[in-house]
Amino acid sequence: MNLAILTSGGDAPGMNAAIRAFVRRGLADGHKIWGIPRGFEGLVHGKPMRLTAASVANILMTGGTILRTSRFTAFHQSMVRSRAAESLTRWHLDGLAIIGGNGSLAGARALSQIGVPVIGIPASIDNDIAGTDYSIGFDTAMNNIVASIDKIRDTASAHERIFVVQVMGNRCGTLAIASGLACGAEAIIIPERVTNWDAIARRLRATYARGKRHSFIIVAEGAGDAPSVALDIGQRTGHEAKWVVLGHTQRGGPPSALDRIRAALFASHAVELLTSGQHGLITGWKNSVVQAAPLSDVVDGFTRPPLLWQDLAEILAR
Ligand code: F6P
């Protein structure tokens with residue numbers, strides 16, 4: 001078969017590991033493998049490139065995506081999606097794997113609905129994709145945040161400051177909660193829950209009264225912006241509050257071992273599904289094994305962040 005792969009939306013560490021696994025697993029099973037540069041835009045305006053075992057050498061340990069990516073808003077138009085489907089026919093491609101987050105998987109479903117044999121591979125540092133407990137990139141991003149906060153802690157402690165750290169997650173607080181629990185944050189602000197600022201200020205004042213020399217508030221970007229939170233919390237507590245926006249540093253760097261392993265498992269599964277005639281699905285992680293789920297469950301579904309972890313982080317930081 002002629003199998004193709006593309007990466008779409010925000011990049012996530014581990015996308016390259018997934019491309020490598022898709023290519024090498026496909027070649028091992030006797031298929032020809034093609035890469036579509038620049039995501040959905042490449043399906044409409046670009047052309048595929050043949051991928052060999054050598055094309056994916058030395059990418060396992062790199063962040064970003066060798067296929068590059070784009071946020072291609074024109075793909076919301078059905079006429080544009082039809083042109084993408086025509087490209088696949090013209091290029092004689094028998095199946096397509098799409099690596100990306102919620103927006104990309106919605107595009108995958110739309111292609112599937114017009115007859116394109118598609119498998120989605122979940123990749124997003126937000127870990128907010130329904131139908132899978134894990135999306136590639138989350139573990140690396142969480143570790144990037146933890147490494148940054150561990151450094152900030154030294155200076156925070158030296159000056160006895162509060163630090164407000166803004167992390168990614170525009171619609172989902174999972175990344176903020178997990179990294180907050182891992183860093184011993186005093187408070188975690190997420191879009192899914194109303195924040196009681198008075199209670200946080202009271203807790204921080206008590207923390208300093210007990211002799212603690214620093215405190216951290218983690219804010220998911222969808223729940224507020226670090227400069228305003230720092231100003232407000234500084235006034236409420238009477239303590240100096242500084243802020244840091246970690247931004248795209250969270251998404252870069254070498255993927256963690258976990259992300260490389262999940263990427264290998266998901267991409268290999270994607271080859272198995274496409275070559276056995278199964279499509280309109282995502283591969284993903286459920287109950288500690290790789291499992292497929294219908295793309296429609298992903299697009300119409302929703303995820304809940306681990307709110308109990310958020311409560312626990314706040315208890316443990318007292
Ligand atoms: O969806 C993944 C994500 O990293 C979000 O957490 C973030 O809001 C967004 O992408 C940023 O996208 P961009 O790199 O296009 O600014």
# chains A, B, ... in the order shown; residues from 1 in each chain; ligands from 1
$ residues_near_ligand --ligand "ligand 1" --cutoff "10 Å" --atoms "only C-alpha atoms and all ligand atoms" --output "VMD selection string"
chain A and resid 9 to 12 70 to 71 100 to 103 123 to 128 137 to 138 141 167 to 173 175 220 to 222 247 to 248 250 to 251
$ select_by_dssp --residues "region 119-312 of chain A" --states "helix (DSSP H, G or I)" --output "ChimeraX atom specification"
/A:138-159,174-183,197-209,221-223,226-237,247-251,257-275,295-300,307-312
$ write_last_selection --atoms "C-alpha atoms" --output "compact mmCIF listing (two decimals), in the first residue's frame"
# COMPACT_ATOMS: atom_id res chain seq x y z
CA PHE A 138 2.28 15.86 27.50
CA ASP A 139 5.00 14.17 29.55
CA THR A 140 7.80 16.19 27.96
CA ALA A 141 5.95 19.48 28.42
CA MET A 142 5.21 18.62 32.06
CA ASN A 143 8.90 17.86 32.64
CA ASN A 144 9.91 21.09 30.89
CA ILE A 145 7.67 23.03 33.26
CA VAL A 146 9.00 21.21 36.32
CA ALA A 147 12.62 21.89 35.25
CA SER A 148 11.87 25.63 34.84
CA ILE A 149 10.05 25.94 38.15
CA ASP A 150 12.83 24.09 39.98
CA LYS A 151 15.19 26.84 38.76
CA ILE A 152 12.80 29.68 39.59
CA ARG A 153 12.43 28.26 43.12
CA ASP A 154 16.06 29.14 43.98
CA THR A 155 15.60 32.82 43.24
CA ALA A 156 12.04 32.88 44.65
CA SER A 157 13.33 31.52 47.93
CA ALA A 158 16.29 33.92 48.06
CA HIS A 159 13.93 36.92 47.78
CA THR A 174 -4.56 19.23 32.96
CA LEU A 175 -1.02 20.42 32.21
CA ALA A 176 -1.26 23.09 34.94
CA ILE A 177 -2.60 20.61 37.50
CA ALA A 178 -0.06 17.86 36.78
CA SER A 179 2.92 20.21 36.79
CA GLY A 180 1.57 22.05 39.86
CA LEU A 181 1.32 18.77 41.78
CA ALA A 182 4.84 17.83 40.64
CA CYS A 183 6.27 21.20 41.75
CA TRP A 197 -8.90 34.46 45.24
CA ASP A 198 -9.63 35.38 48.87
CA ALA A 199 -8.98 31.80 49.96
CA ILE A 200 -5.71 31.67 47.99
CA ALA A 201 -4.51 34.97 49.48
CA ARG A 202 -5.38 33.72 52.99
CA ARG A 203 -3.46 30.49 52.35
CA LEU A 204 -0.41 32.33 51.07
CA ARG A 205 -0.36 34.71 54.04
CA ALA A 206 -0.56 31.70 56.40
CA THR A 207 2.23 30.02 54.45
CA TYR A 208 4.57 32.99 54.98
CA ALA A 209 3.52 33.28 58.63
CA GLU A 221 -3.24 30.36 30.04
CA GLY A 222 -6.97 29.85 29.45
CA ALA A 223 -7.75 30.87 33.04
CA ALA A 226 0.32 35.85 34.90
CA PRO A 227 0.99 39.64 35.09
CA SER A 228 -2.56 40.45 36.24
CA VAL A 229 -2.61 37.53 38.68
CA ALA A 230 0.74 38.64 40.15
CA LEU A 231 -0.49 42.22 40.57
CA ASP A 232 -3.71 41.12 42.23
CA ILE A 233 -2.16 38.53 44.53
CA GLY A 234 0.63 40.93 45.51
CA GLN A 235 -1.98 43.49 46.62
CA ARG A 236 -4.07 40.91 48.45
CA THR A 237 -1.14 39.39 50.36
CA GLY A 247 5.35 30.02 26.61
CA HIS A 248 6.80 27.87 23.86
CA THR A 249 9.76 26.69 25.96
CA GLN A 250 7.25 24.10 27.21
CA ARG A 251 6.83 22.58 23.74
CA ALA A 257 11.28 8.38 27.10
CA LEU A 258 7.53 8.03 27.79
CA ASP A 259 6.64 10.21 24.80
CA ARG A 260 9.00 8.25 22.53
CA ILE A 261 7.51 4.94 23.67
CA ARG A 262 3.87 6.05 23.31
CA ALA A 263 4.71 7.56 19.91
CA ALA A 264 6.19 4.24 18.76
CA LEU A 265 3.16 2.28 19.98
CA PHE A 266 0.56 4.66 18.53
CA ALA A 267 2.24 5.00 15.12
CA SER A 268 2.82 1.28 14.76
CA HIS A 269 -0.84 0.69 15.65
CA ALA A 270 -1.85 3.26 13.03
CA VAL A 271 -0.03 1.21 10.37
CA GLU A 272 -1.75 -1.97 11.57
CA LEU A 273 -5.18 -0.32 11.44
CA LEU A 274 -4.74 1.23 7.98
CA THR A 275 -3.32 -1.96 6.45
CA LEU A 295 -12.85 9.75 15.54
CA SER A 296 -16.40 10.92 16.21
CA ASP A 297 -15.98 10.13 19.95
CA VAL A 298 -12.96 12.42 19.98
CA VAL A 299 -14.52 15.31 18.13
CA ASP A 300 -17.84 15.20 20.01
CA LEU A 307 -9.50 17.90 39.81
CA LEU A 308 -8.62 15.60 42.72
CA TRP A 309 -4.93 16.17 41.90
CA GLN A 310 -5.55 19.90 42.07
CA ASP A 311 -7.11 19.54 45.54
CA LEU A 312 -4.27 17.27 46.64
$ closest_residue --among "A:His45, A:Ile315, A:Ile129, A:Pro254" --to "Glu186 (chain A)" --atoms "only C-alpha atoms"
A:Ile315
$ residues_around --residues "Gly115 (chain A)" --least-positions-apart "3" --cutoff "12 Å" --atoms "only C-alpha atoms" --output "MDAnalysis selection string"
chainID A and resid 81:82 84:86 88:89 94:96 108:112 118 279:280
$ atom_distance --atom1 "CA of Ile282 (chain A)" --atom2 "CA of Lys47 (chain A)"
24.2 Å
